[in-house]
>>> print(open('input.csv').read())   # CSV, C-alpha atoms
chain,number,residue,atom,x,y,z
Q,1004,MET,CA,14.8,-16.4,29.3
Q,1005,HIS,CA,13.2,-17.5,26.1
Q,1006,GLU,CA,14.8,-21.0,26.4
Q,1007,TYR,CA,11.5,-22.2,27.8
Q,1008,SER,CA,9.6,-21.4,24.6
Q,1009,ILE,CA,12.3,-22.9,22.5
Q,1010,VAL,CA,12.1,-26.1,24.5
Q,1011,GLN,CA,8.3,-26.2,24.0
Q,1012,SER,CA,8.8,-26.2,20.3
Q,1013,LEU,CA,11.6,-28.7,20.5
Q,1014,LEU,CA,9.5,-31.1,22.6
Q,1015,ASP,CA,6.6,-30.7,20.2
Q,1016,THR,CA,8.8,-31.7,17.2
Q,1017,CYS,CA,10.3,-34.6,19.1
Q,1018,GLU,CA,6.8,-36.0,20.1
Q,1019,LYS,CA,5.5,-35.6,16.6
Q,1020,ASN,CA,8.4,-37.5,15.1
Q,1021,ALA,CA,8.1,-40.2,17.8
Q,1022,VAL,CA,4.4,-40.7,17.0
Q,1023,LYS,CA,5.1,-40.7,13.3
Q,1024,ASN,CA,7.6,-43.5,13.8
Q,1025,ALA,CA,5.3,-45.5,16.1
Q,1026,ALA,CA,7.7,-45.1,18.9
Q,1027,THR,CA,6.6,-45.0,22.6
Q,1028,LYS,CA,9.6,-43.3,23.9
Q,1029,VAL,CA,12.4,-40.9,22.9
Q,1030,THR,CA,15.7,-42.0,24.4
Q,1031,ARG,CA,18.1,-39.4,23.0
Q,1032,VAL,CA,17.7,-36.0,21.5
Q,1033,VAL,CA,20.6,-34.3,19.7
Q,1034,VAL,CA,20.5,-30.6,18.9
Q,1035,LYS,CA,22.9,-28.2,17.2
Q,1036,ILE,CA,22.9,-24.7,18.7
Q,1037,GLY,CA,24.7,-22.0,16.8
Q,1038,VAL,CA,26.9,-19.6,18.9
Q,1039,MET,CA,25.0,-16.7,17.4
Q,1040,SER,CA,21.5,-18.2,17.7
Q,1041,GLY,CA,20.8,-16.3,20.8
Q,1042,VAL,CA,20.4,-19.3,23.0
Q,1043,GLU,CA,22.3,-20.1,26.1
Q,1044,PRO,CA,23.1,-23.9,26.0
Q,1045,ASP,CA,23.1,-24.3,29.8
Q,1046,LEU,CA,19.8,-22.7,30.2
Q,1047,LEU,CA,18.4,-24.7,27.3
Q,1048,LYS,CA,19.5,-27.9,29.0
Q,1049,THR,CA,18.0,-26.9,32.3
Q,1050,ALA,CA,14.7,-26.0,30.6
Q,1051,PHE,CA,14.7,-29.2,28.6
Q,1052,ASP,CA,15.3,-31.3,31.7
Q,1053,ILE,CA,12.4,-29.6,33.5
Q,1054,PHE,CA,9.9,-29.7,30.7
Q,1055,LYS,CA,10.6,-33.2,29.3
Q,1056,GLU,CA,8.8,-34.7,32.3
Q,1057,ASN,CA,5.5,-36.3,31.4
Q,1058,THR,CA,6.3,-36.2,27.7
Q,1059,LEU,CA,7.6,-39.0,25.5
Q,1060,CYS,CA,11.1,-37.5,26.1
Q,1061,ASP,CA,10.9,-38.1,29.9
Q,1062,GLY,CA,14.3,-39.6,31.0
Q,1063,CYS,CA,15.9,-39.1,27.6
Q,1064,GLU,CA,19.5,-38.1,27.1
Q,1065,PHE,CA,19.9,-34.5,25.7
Q,1066,ILE,CA,23.0,-33.8,23.7
Q,1067,ILE,CA,23.9,-30.2,22.6
Q,1068,HIS,CA,26.5,-29.7,19.9
Q,1069,ILE,CA,27.7,-26.1,19.9
Q,1070,GLN,CA,28.2,-24.8,16.4
Q,1071,PRO,CA,30.7,-22.0,15.7
Q,1072,ILE,CA,30.0,-19.6,12.9
Q,1073,VAL,CA,31.0,-20.9,9.5
Q,1074,VAL,CA,31.2,-18.5,6.6
Q,1075,LYS,CA,31.9,-18.8,2.9
Q,1076,CYS,CA,33.7,-15.9,1.3
Q,1077,ARG,CA,32.2,-14.6,-2.0
Q,1078,VAL,CA,35.5,-13.2,-3.1
Q,1079,CYS,CA,38.1,-16.0,-2.5
Q,1080,GLU,CA,35.5,-18.7,-1.9
Q,1081,ALA,CA,37.3,-20.0,1.2
Q,1082,GLN,CA,35.1,-21.6,3.8
Q,1083,SER,CA,36.2,-20.6,7.3
Q,1084,THR,CA,35.2,-21.0,10.9
Q,1085,LEU,CA,35.2,-17.6,12.7
Q,1086,GLN,CA,37.3,-17.6,15.9
Q,1087,LYS,CA,35.9,-14.3,17.1
Q,1088,LEU,CA,32.8,-12.2,16.5
Q,1089,GLU,CA,34.1,-10.3,13.5
Q,1090,TYR,CA,32.3,-11.0,10.2
Q,1091,LEU,CA,35.3,-10.8,7.8
Q,1092,CYS,CA,37.0,-13.5,5.8
Q,1093,PRO,CA,40.0,-14.8,7.7
Q,1094,GLU,CA,41.7,-15.6,4.4
Q,1095,CYS,CA,41.3,-12.4,2.4
Q,1096,GLN,CA,39.7,-10.0,4.8
Q,1097,SER,CA,36.7,-9.5,2.6
Q,1098,LEU,CA,33.4,-8.5,4.1
Q,1099,GLU,CA,31.4,-10.3,1.4
Q,1100,LEU,CA,30.4,-13.4,3.3
Q,1101,ASP,CA,27.6,-15.9,3.4
Q,1102,VAL,CA,26.9,-17.4,6.7
Q,1103,ILE,CA,26.7,-21.2,6.4
Q,1104,ASP,CA,26.2,-22.2,10.0
Q,1105,GLY,CA,26.3,-21.0,13.5
Q,1106,GLU,CA,23.3,-18.6,13.6
Q,1107,GLU,CA,20.5,-21.2,13.9
Q,1108,MET,CA,19.2,-23.9,16.2
Q,1109,TYR,CA,18.5,-27.4,14.8
Q,1110,LEU,CA,17.1,-30.6,16.0
Q,1111,MET,CA,19.5,-33.1,14.4
Q,1112,GLN,CA,18.7,-36.6,15.6
Q,1113,LEU,CA,16.4,-38.7,17.7
Q,1114,GLU,CA,16.8,-42.1,19.2
Q,1115,LEU,CA,13.5,-43.8,19.5
Q,1116,GLU,CA,12.2,-47.0,21.0
I,1147,MET,CA,7.7,-43.0,3.1
I,1148,CYS,CA,11.2,-44.1,2.1
I,1149,LYS,CA,11.4,-46.6,-0.7
I,1150,ASP,CA,14.4,-48.4,0.7
I,1151,CYS,CA,13.2,-49.5,4.0
I,1152,GLY,CA,9.8,-48.0,4.6
I,1153,CYS,CA,10.9,-45.6,7.3
I,1154,SER,CA,9.5,-42.1,7.5
I,1155,ILE,CA,12.7,-40.3,6.7
I,1156,VAL,CA,12.0,-38.6,3.4
I,1157,GLU,CA,14.8,-36.1,3.1
I,1158,HIS,CA,17.5,-37.8,1.1
I,1159,SER,CA,20.4,-36.1,2.7
I,1160,HIS,CA,23.8,-37.6,3.4
I,1161,GLU,CA,22.7,-38.0,7.0
I,1162,HIS,CA,19.8,-40.0,5.8
I,1163,GLN,CA,22.0,-42.4,4.0
I,1164,SER,CA,24.1,-42.9,7.1
I,1165,ALA,CA,21.0,-43.4,9.2
I,1166,HIS,CA,19.9,-46.1,6.8
I,1167,ALA,CA,23.3,-47.7,6.7
I,1168,HIS,CA,23.1,-47.8,10.5
I,1169,LEU,CA,19.7,-49.4,10.5
I,1170,HIS,CA,20.3,-51.9,7.8
I,1171,ASP,CA,23.7,-53.0,9.2
I,1172,ASN,CA,22.1,-53.6,12.6
I,1173,PRO,CA,19.0,-55.5,11.9
I,1174,GLN,CA,18.9,-56.7,15.5
I,1175,LEU,CA,18.3,-53.1,16.6
I,1176,ASN,CA,14.6,-53.6,16.6
I,1177,ASP,CA,14.0,-52.0,19.9
I,1178,LYS,CA,15.9,-48.7,19.2
I,1179,LYS,CA,16.2,-46.7,16.1
I,1180,THR,CA,18.0,-43.5,15.4
I,1181,ILE,CA,16.5,-41.1,13.0
I,1182,GLU,CA,18.1,-38.0,11.5
I,1183,ILE,CA,15.7,-35.1,11.5
I,1184,ILE,CA,17.5,-31.8,10.8
I,1185,THR,CA,14.7,-29.4,11.4
I,1186,LYS,CA,15.0,-25.9,12.7
I,1187,ILE,CA,13.8,-25.9,16.3
I,1188,LEU,CA,11.7,-22.8,15.7
I,1189,ASP,CA,10.4,-24.2,12.4
I,1190,LYS,CA,6.8,-23.5,13.2
I,1191,ASN,CA,7.4,-20.0,14.3
I,1192,ASP,CA,9.4,-19.4,11.1
I,1193,HIS,CA,6.6,-20.8,9.0
I,1194,GLU,CA,4.1,-18.5,10.7
I,1195,ALA,CA,6.5,-15.6,10.2
I,1196,GLU,CA,6.6,-16.2,6.5
I,1197,HIS,CA,2.8,-16.3,6.5
I,1198,ASN,CA,2.8,-12.9,8.2
I,1199,ARG,CA,5.3,-11.5,5.8
I,1200,GLN,CA,3.2,-12.6,2.8
I,1201,HIS,CA,0.2,-10.9,4.5
I,1202,PHE,CA,2.2,-7.6,4.6
I,1203,ASP,CA,3.3,-8.1,1.0
I,1204,THR,CA,-0.2,-8.6,-0.2
I,1205,HIS,CA,-1.1,-5.3,1.3
I,1206,GLY,CA,2.0,-3.5,0.1
I,1207,VAL,CA,3.0,-2.8,3.7
I,1208,LEU,CA,6.6,-2.6,4.9
I,1209,CYS,CA,6.9,-4.3,8.3
I,1210,ILE,CA,9.7,-3.2,10.7
I,1211,ASN,CA,10.6,-5.0,13.9
I,1212,LEU,CA,11.7,-2.4,16.5
I,1213,MET,CA,13.9,-3.8,19.2
I,1214,SER,CA,16.0,-2.4,22.1
I,1215,SER,CA,16.4,-2.5,25.9
I,1216,PRO,CA,13.5,-1.1,27.9
I,1217,GLY,CA,13.6,2.7,28.0
I,1218,SER,CA,15.8,3.4,25.0
I,1219,GLY,CA,13.1,5.3,23.2
I,1220,LYS,CA,11.1,3.0,20.9
I,1221,THR,CA,7.7,4.5,21.7
I,1222,THR,CA,9.0,8.1,21.8
I,1223,LEU,CA,10.6,7.6,18.4
I,1224,LEU,CA,7.3,6.5,17.0
I,1225,GLU,CA,5.5,9.4,18.6
I,1226,TYR,CA,7.9,11.9,16.9
I,1227,LEU,CA,8.0,9.9,13.6
I,1228,SER,CA,4.2,10.5,13.3
I,1229,GLU,CA,5.0,14.3,13.1
I,1230,VAL,CA,7.7,14.1,10.5
I,1231,ALA,CA,6.9,11.0,8.4
I,1232,ASP,CA,5.4,11.4,4.9
I,1233,PHE,CA,3.9,7.9,5.2
I,1234,THR,CA,1.3,6.5,7.5
I,1235,PHE,CA,2.0,3.7,9.9
I,1236,GLY,CA,0.4,1.5,12.5
I,1237,VAL,CA,2.0,-0.2,15.5
I,1238,ILE,CA,1.8,-3.6,17.1
I,1239,GLU,CA,3.0,-3.1,20.7
I,1240,GLY,CA,4.5,-5.8,22.9
I,1241,ASP,CA,4.8,-5.3,26.6
I,1242,LEU,CA,4.6,-7.6,29.6
I,1243,GLU,CA,1.9,-5.5,31.2
I,1244,THR,CA,-0.3,-2.4,30.6
I,1245,SER,CA,-1.4,-0.7,27.4
I,1246,ARG,CA,0.3,2.6,28.2
I,1247,ASP,CA,2.4,2.6,25.1
I,1248,THR,CA,-0.6,2.0,22.9
I,1249,ASP,CA,-2.4,4.8,24.7
I,1250,ARG,CA,0.5,7.1,24.0
I,1251,LEU,CA,0.4,6.3,20.3
I,1252,LYS,CA,-3.3,6.4,20.0
I,1253,ALA,CA,-3.2,9.9,21.5
I,1254,LYS,CA,-1.0,10.9,18.6
I,1255,GLY,CA,-3.6,9.5,16.2
I,1256,ILE,CA,-1.6,6.4,15.4
I,1257,GLN,CA,-3.4,3.1,14.8
I,1258,ALA,CA,-2.0,0.8,17.5
I,1259,HIS,CA,-2.8,-2.6,19.0
I,1260,GLN,CA,-1.3,-3.8,22.3
I,1261,ILE,CA,-0.1,-7.3,23.0
I,1262,GLN,CA,0.3,-8.1,26.7
I,1263,THR,CA,2.7,-11.0,26.8
I,1264,GLY,CA,2.2,-11.6,30.6
I,1265,SER,CA,5.6,-13.1,31.3
I,1266,ALA,CA,6.9,-13.8,27.8
I,1267,CYS,CA,10.0,-11.8,27.1
I,1268,HIS,CA,9.6,-11.5,23.4
I,1269,LEU,CA,7.0,-11.5,20.6
I,1270,ASP,CA,6.7,-14.5,18.3
I,1271,ALA,CA,5.1,-14.8,14.9
I,1272,PHE,CA,1.9,-16.3,16.4
I,1273,MET,CA,1.3,-13.3,18.7
I,1274,VAL,CA,1.9,-10.9,15.8
I,1275,HIS,CA,-0.5,-12.9,13.6
I,1276,LYS,CA,-3.3,-12.5,16.2
I,1277,ALA,CA,-2.6,-8.8,16.6
I,1278,LEU,CA,-2.8,-8.3,12.8
I,1279,HIS,CA,-6.5,-9.0,13.0
I,1280,HIS,CA,-6.8,-5.7,14.8
I,1281,ILE,CA,-4.8,-3.6,12.4
I,1282,ASP,CA,-6.2,-2.3,9.1
I,1283,LEU,CA,-3.4,-2.8,6.7
I,1284,ASN,CA,-5.3,-1.0,3.9
I,1285,THR,CA,-4.8,2.3,5.6
I,1286,ILE,CA,-1.1,2.2,6.4
I,1287,ASP,CA,2.2,2.1,4.5
I,1288,VAL,CA,4.4,0.8,7.3
I,1289,CYS,CA,3.6,-1.5,10.2
I,1290,PHE,CA,6.0,-1.3,13.2
I,1291,ILE,CA,6.2,-4.2,15.6
I,1292,GLU,CA,7.4,-2.6,18.8
I,1293,ASN,CA,8.9,-5.7,20.5
I,1294,VAL,CA,9.2,-6.2,24.2
I,1295,GLY,CA,12.1,-4.2,25.6
I,1296,ASN,CA,14.9,-6.8,25.8
I,1297,LEU,CA,18.2,-7.1,24.0
I,1298,VAL,CA,18.3,-10.9,24.2
I,1299,CYS,CA,15.1,-12.9,23.5
I,1300,PRO,CA,13.5,-11.0,20.6
I,1301,ALA,CA,16.6,-11.6,18.5
I,1302,SER,CA,15.8,-15.3,18.2
I,1303,TYR,CA,12.3,-14.9,16.8
I,1304,ASP,CA,11.3,-14.0,13.3
I,1305,VAL,CA,8.0,-12.2,13.6
I,1306,GLY,CA,7.5,-11.8,9.9
I,1307,SER,CA,9.0,-8.3,9.5
I,1308,HIS,CA,11.0,-7.2,6.4
I,1309,LEU,CA,13.5,-5.2,8.4
I,1310,SER,CA,14.8,-4.7,11.9
I,1311,ILE,CA,15.7,-1.5,13.6
I,1312,VAL,CA,17.6,-1.7,16.9
I,1313,LEU,CA,17.9,1.3,19.2
I,1314,VAL,CA,20.6,1.9,21.7
I,1315,SER,CA,20.5,5.0,23.9
I,1316,ILE,CA,23.5,6.9,25.2
I,1317,PRO,CA,22.5,6.6,28.9
I,1318,GLU,CA,22.6,2.8,28.6
I,1319,GLY,CA,26.4,3.1,28.5
I,1320,GLU,CA,29.1,1.7,26.3
I,1321,ASP,CA,29.5,-1.9,25.2
I,1322,LYS,CA,25.9,-2.8,24.7
I,1323,ILE,CA,26.7,-3.8,21.1
I,1324,VAL,CA,29.5,-6.1,22.0
I,1325,LYS,CA,27.6,-7.6,25.0
I,1326,TYR,CA,24.5,-8.4,22.9
I,1327,PRO,CA,25.9,-9.3,19.5
I,1328,VAL,CA,23.0,-11.6,18.4
I,1329,MET,CA,20.6,-8.6,18.6
I,1330,PHE,CA,22.9,-6.1,16.8
I,1331,ARG,CA,23.8,-8.7,14.2
I,1332,LYS,CA,20.1,-8.7,13.3
I,1333,ALA,CA,19.9,-5.0,12.7
I,1334,ASP,CA,19.4,-3.4,9.3
I,1335,LEU,CA,19.5,0.0,11.0
I,1336,ILE,CA,21.0,0.9,14.3
I,1337,LEU,CA,19.7,4.1,15.9
I,1338,PHE,CA,21.8,5.8,18.6
I,1339,THR,CA,19.1,7.6,20.6
I,1340,LYS,CA,19.2,10.4,23.1
I,1341,ILE,CA,22.3,11.7,21.4
I,1342,ASP,CA,21.8,15.1,22.9
I,1343,LEU,CA,23.0,13.5,26.2
I,1344,LEU,CA,26.5,12.7,24.8
I,1345,PRO,CA,28.2,15.6,26.6
I,1346,TYR,CA,27.1,14.1,30.0
I,1347,PHE,CA,28.2,10.5,29.5
I,1348,GLU,CA,31.5,8.8,28.9
I,1349,TYR,CA,30.5,7.3,25.6
I,1350,ASP,CA,32.8,6.6,22.6
I,1351,ILE,CA,30.3,6.5,19.9
I,1352,ALA,CA,32.9,5.9,17.2
I,1353,LYS,CA,34.0,2.8,19.0
I,1354,GLU,CA,30.5,1.5,19.3
I,1355,LYS,CA,29.9,2.0,15.6
I,1356,GLU,CA,33.1,0.2,14.8
I,1357,MET,CA,31.9,-2.8,16.9
I,1358,ALA,CA,28.5,-2.7,15.2
I,1359,ARG,CA,30.2,-2.9,11.8
I,1360,LYS,CA,32.4,-5.9,12.8
I,1361,LEU,CA,29.2,-7.8,13.6
I,1362,ARG,CA,27.4,-6.5,10.5
I,1363,PRO,CA,29.6,-4.8,8.0
I,1364,ASN,CA,26.8,-3.3,5.9
I,1365,VAL,CA,24.6,-2.0,8.7
I,1366,ASP,CA,23.1,1.5,8.4
I,1367,ILE,CA,23.6,3.7,11.4
I,1368,LEU,CA,21.9,7.0,12.4
I,1369,GLU,CA,22.1,9.3,15.4
I,1370,VAL,CA,18.8,10.6,16.8
I,1371,SER,CA,17.7,13.1,19.3
I,1372,THR,CA,14.1,14.3,19.8
I,1373,LYS,CA,15.5,17.8,20.2
I,1374,ASP,CA,16.7,17.7,16.6
I,1375,GLU,CA,14.0,17.3,14.1
I,1376,GLU,CA,16.4,16.8,11.2
I,1377,SER,CA,17.7,13.6,12.9
I,1378,LEU,CA,14.2,12.3,13.0
I,1379,LYS,CA,13.5,13.2,9.4
I,1380,LYS,CA,16.5,11.1,8.4
I,1381,VAL,CA,15.0,8.1,10.1
I,1382,ALA,CA,11.7,8.8,8.2
I,1383,GLN,CA,13.7,9.1,4.9
I,1384,TRP,CA,15.5,5.8,5.5
I,1385,ILE,CA,12.2,4.1,6.0
I,1386,ARG,CA,10.7,5.8,2.9
I,1387,PHE,CA,13.7,4.7,0.9
I,1388,LYS,CA,13.2,1.1,2.0
I,1389,MET,CA,9.5,1.3,1.2
I,1390,GLU,CA,10.3,2.2,-2.3
I,1391,MET,CA,12.7,-0.7,-2.6
I,1392,ARG,CA,9.8,-3.2,-2.2
>>> encode(input="input.csv", output="structure tokens")
Amino acid sequence: MHEYSIVQSLLDTCEKNAVKNAATKVTRVVVKIGVMSGVEPDLLKTAFDIFKENTLCDGCEFIIHIQPIVVKCRVCEAQSTLQKLEYLCPECQSLELDVIDGEEMYLMQLELE
Amino acid sequence: MCKDCGCSIVEHSHEHQSAHAHLHDNPQLNDKKTIEIITKILDKNDHEAEHNRQHFDTHGVLCINLMSSPGSGKTTLLEYLSEVADFTFGVIEGDLETSRDTDRLKAKGIQAHQIQTGSACHLDAFMVHKALHHIDLNTIDVCFIENVGNLVCPASYDVGSHLSIVLVSIPEGEDKIVKYPVMFRKADLILFTKIDLLPYFEYDIAKEKEMARKLRPNVDILEVSTKDEESLKKVAQWIRFKMEMR
């Protein structure tokens, strides 16, 4: 359960941005969680709801967008979303892929007041 | 500061434009404002990891993150490697409790430093940084980070290594790779360990390898047994080859 450490980093970044923007409260946090980022969204939400208390994020809305894996093929240049965990180009079956999205976690947006 | 409206959003991305449009079109929204951030959540860890990597690079040391479930043979592999490797190495050990693994390695004459994580299920770049103060990089060619035994959490953290080796032992049973895809996707080398036990387990190793290559088509795979010195030498050769590539 490393979601706790991830939430700590996330709350930290939220607070810094709130302070930078002279906000007193964060009312909404939007994150993007890749399906191959190694984070369980339900656990992340639970951890966030616990640890947001007594921070500027207390009471805020937490929105998780789940990001499937998006790859770009180096052979046929097609950009595709992978439907299953097989890293091959759905268009031309090539294994020469660049992963564009779906393996990372991002803080995307904050609503401040 | 942004020239358009004085807000602190400085990345001029498409999202930024739309955030601006939103703010400028709704001047009455003085009490609430939405800002687009787009920052990696583990940004600070990644930054520290890059710092660690540079530190290894400066000393010409190859850093390898060793990951697996508990009990699949990470420490044993290192003990045996010390006998067959033609390079010197040090080890940063991560465990929740005890310094037993470090004691085992030190008994073999290996430079090792133990990190006791308490309850943390993984090592992060900050813990590795601290441990690096106890390792003399001038005397080693390779630094292993023996991560906490866990197939889940360590996969999310860059610790500043150049390569990842993931072990999976035969007695753990089939389907470990398909059940823990994030971990095996991170592997540069997968080691099937305790391979001498294959006759006693229902284990379709060909199927496991096929799954590994679906997740990571170019992954290297070796089979290892401590009873077979040649298999250990192959691991040492793989590492030696990678050392020369840097």
>>> interface_residues(input="input.csv", of="chain I", to="chain Q", cutoff="9 Å", atoms="only C-alpha atoms", output="VMD selection string")
chain I and resid 1153 to 1154 1176 to 1191 1266 to 1268 1298 to 1302 1324 1326 to 1329 1331 1357 1359 to 1364
>>> atom_distance(input="input.csv", atom1="CA of Ala1195 in chain I", atom2="CA of Ala1382 in chain I")
25.0 Å
>>> closest_residue(input="input.csv", among="I:Asp1232, I:Asp1342, I:Asp1287, I:Glu1356", to="Asp1321 in chain I", atoms="all atoms listed in the file")
I:Glu1356
>>> residues_around(input="input.csv", residues="Lys1322 in chain I", least_positions_apart="6", cutoff="12 Å", atoms="only C-alpha atoms", output="JSON, numbers by chain")
{"I": [1214, 1215, 1218, 1296, 1297, 1298, 1312, 1313, 1314, 1315, 1316, 1328, 1329, 1330, 1338, 1349, 1350, 1351, 1353, 1354, 1355, 1357, 1358]}
>>> atom_distance(input="input.csv", atom1="CA of Arg1386 in chain I", atom2="CA of His1193 in chain I")
27.6 Å
>>> atom_distance(input="input.csv", atom1="CA of Ser1265 in chain I", atom2="CA of Leu1242 in chain I")
5.8 Å
>>> closest_residue(input="input.csv", among="I:Asn1293, I:Thr1339, I:Thr1221, I:Gln1262", to="Leu1378 in chain I", atoms="all atoms listed in the file")
I:Thr1339
>>> decode(input="input.csv", residues="range 1251-1312 of chain I", atoms="C-alpha atoms", output="PDB file, in the first residue's frame")
ATOM      1  CA  LEU I1251      26.355  -9.798   2.512  1.00  0.00           C
ATOM      2  CA  LYS I1252      29.015  -8.330   4.772  1.00  0.00           C
ATOM      3  CA  ALA I1253      29.986 -11.867   5.780  1.00  0.00           C
ATOM      4  CA  LYS I1254      30.783 -12.384   2.094  1.00  0.00           C
ATOM      5  CA  GLY I1255      32.972  -9.295   2.089  1.00  0.00           C
ATOM      6  CA  ILE I1256      30.420  -7.198   0.178  1.00  0.00           C
ATOM      7  CA  GLN I1257      30.071  -3.507   1.034  1.00  0.00           C
ATOM      8  CA  ALA I1258      26.454  -3.136   2.138  1.00  0.00           C
ATOM      9  CA  HIS I1259      24.232  -0.625   3.897  1.00  0.00           C
ATOM     10  CA  GLN I1260      20.849  -1.458   5.381  1.00  0.00           C
ATOM     11  CA  ILE I1261      17.808   0.781   5.129  1.00  0.00           C
ATOM     12  CA  GLN I1262      15.086  -0.171   7.598  1.00  0.00           C
ATOM     13  CA  THR I1263      11.897   1.236   6.176  1.00  0.00           C
ATOM     14  CA  GLY I1264       9.767   0.531   9.256  1.00  0.00           C
ATOM     15  CA  SER I1265       6.397   0.137   7.607  1.00  0.00           C
ATOM     16  CA  ALA I1266       7.166   1.497   4.146  1.00  0.00           C
ATOM     17  CA  CYS I1267       6.670  -1.132   1.479  1.00  0.00           C
ATOM     18  CA  HIS I1268       9.178   0.268  -1.017  1.00  0.00           C
ATOM     19  CA  LEU I1269      12.348   2.320  -1.277  1.00  0.00           C
ATOM     20  CA  ASP I1270      12.154   5.792  -2.747  1.00  0.00           C
ATOM     21  CA  ALA I1271      14.851   8.008  -4.202  1.00  0.00           C
ATOM     22  CA  PHE I1272      15.273   9.966  -0.942  1.00  0.00           C
ATOM     23  CA  MET I1273      15.984   6.846   1.102  1.00  0.00           C
ATOM     24  CA  VAL I1274      18.527   5.710  -1.482  1.00  0.00           C
ATOM     25  CA  HIS I1275      20.168   9.127  -1.453  1.00  0.00           C
ATOM     26  CA  LYS I1276      20.638   8.924   2.315  1.00  0.00           C
ATOM     27  CA  ALA I1277      22.037   5.406   2.075  1.00  0.00           C
ATOM     28  CA  LEU I1278      24.499   6.521  -0.593  1.00  0.00           C
ATOM     29  CA  HIS I1279      26.331   8.518   2.065  1.00  0.00           C
ATOM     30  CA  HIS I1280      27.357   5.169   3.532  1.00  0.00           C
ATOM     31  CA  ILE I1281      28.587   3.553   0.325  1.00  0.00           C
ATOM     32  CA  ASP I1282      32.008   4.255  -1.139  1.00  0.00           C
ATOM     33  CA  LEU I1283      31.307   4.434  -4.859  1.00  0.00           C
ATOM     34  CA  ASN I1284      34.994   4.822  -5.678  1.00  0.00           C
ATOM     35  CA  THR I1285      35.679   1.210  -4.813  1.00  0.00           C
ATOM     36  CA  ILE I1286      32.819  -0.463  -6.709  1.00  0.00           C
ATOM     37  CA  ASP I1287      31.741  -0.972 -10.325  1.00  0.00           C
ATOM     38  CA  VAL I1288      28.105  -1.826  -9.664  1.00  0.00           C
ATOM     39  CA  CYS I1289      25.675  -0.743  -6.957  1.00  0.00           C
ATOM     40  CA  PHE I1290      22.662  -2.951  -6.351  1.00  0.00           C
ATOM     41  CA  ILE I1291      19.601  -1.584  -4.654  1.00  0.00           C
ATOM     42  CA  GLU I1292      17.934  -4.593  -3.132  1.00  0.00           C
ATOM     43  CA  ASN I1293      14.412  -3.271  -2.834  1.00  0.00           C
ATOM     44  CA  VAL I1294      11.826  -4.328  -0.258  1.00  0.00           C
ATOM     45  CA  GLY I1295      10.400  -7.730  -1.196  1.00  0.00           C
ATOM     46  CA  ASN I1296       7.149  -6.728  -2.865  1.00  0.00           C
ATOM     47  CA  LEU I1297       5.856  -7.053  -6.426  1.00  0.00           C
ATOM     48  CA  VAL I1298       3.619  -3.986  -6.241  1.00  0.00           C
ATOM     49  CA  CYS I1299       4.857  -0.785  -4.638  1.00  0.00           C
ATOM     50  CA  PRO I1300       8.541  -0.631  -5.668  1.00  0.00           C
ATOM     51  CA  ALA I1301       7.435  -0.592  -9.309  1.00  0.00           C
ATOM     52  CA  SER I1302       6.051   2.949  -8.969  1.00  0.00           C
ATOM     53  CA  TYR I1303       9.252   4.523  -7.649  1.00  0.00           C
ATOM     54  CA  ASP I1304      12.293   5.512  -9.646  1.00  0.00           C
ATOM     55  CA  VAL I1305      15.197   5.221  -7.205  1.00  0.00           C
ATOM     56  CA  GLY I1306      17.853   6.457  -9.602  1.00  0.00           C
ATOM     57  CA  SER I1307      18.960   3.103 -10.983  1.00  0.00           C
ATOM     58  CA  HIS I1308      20.005   2.562 -14.599  1.00  0.00           C
ATOM     59  CA  LEU I1309      18.477  -0.899 -14.896  1.00  0.00           C
ATOM     60  CA  SER I1310      15.950  -3.120 -13.167  1.00  0.00           C
ATOM     61  CA  ILE I1311      16.275  -6.829 -12.582  1.00  0.00           C
ATOM     62  CA  VAL I1312      13.109  -8.601 -11.431  1.00  0.00           C
TER      63      VAL I1312
END
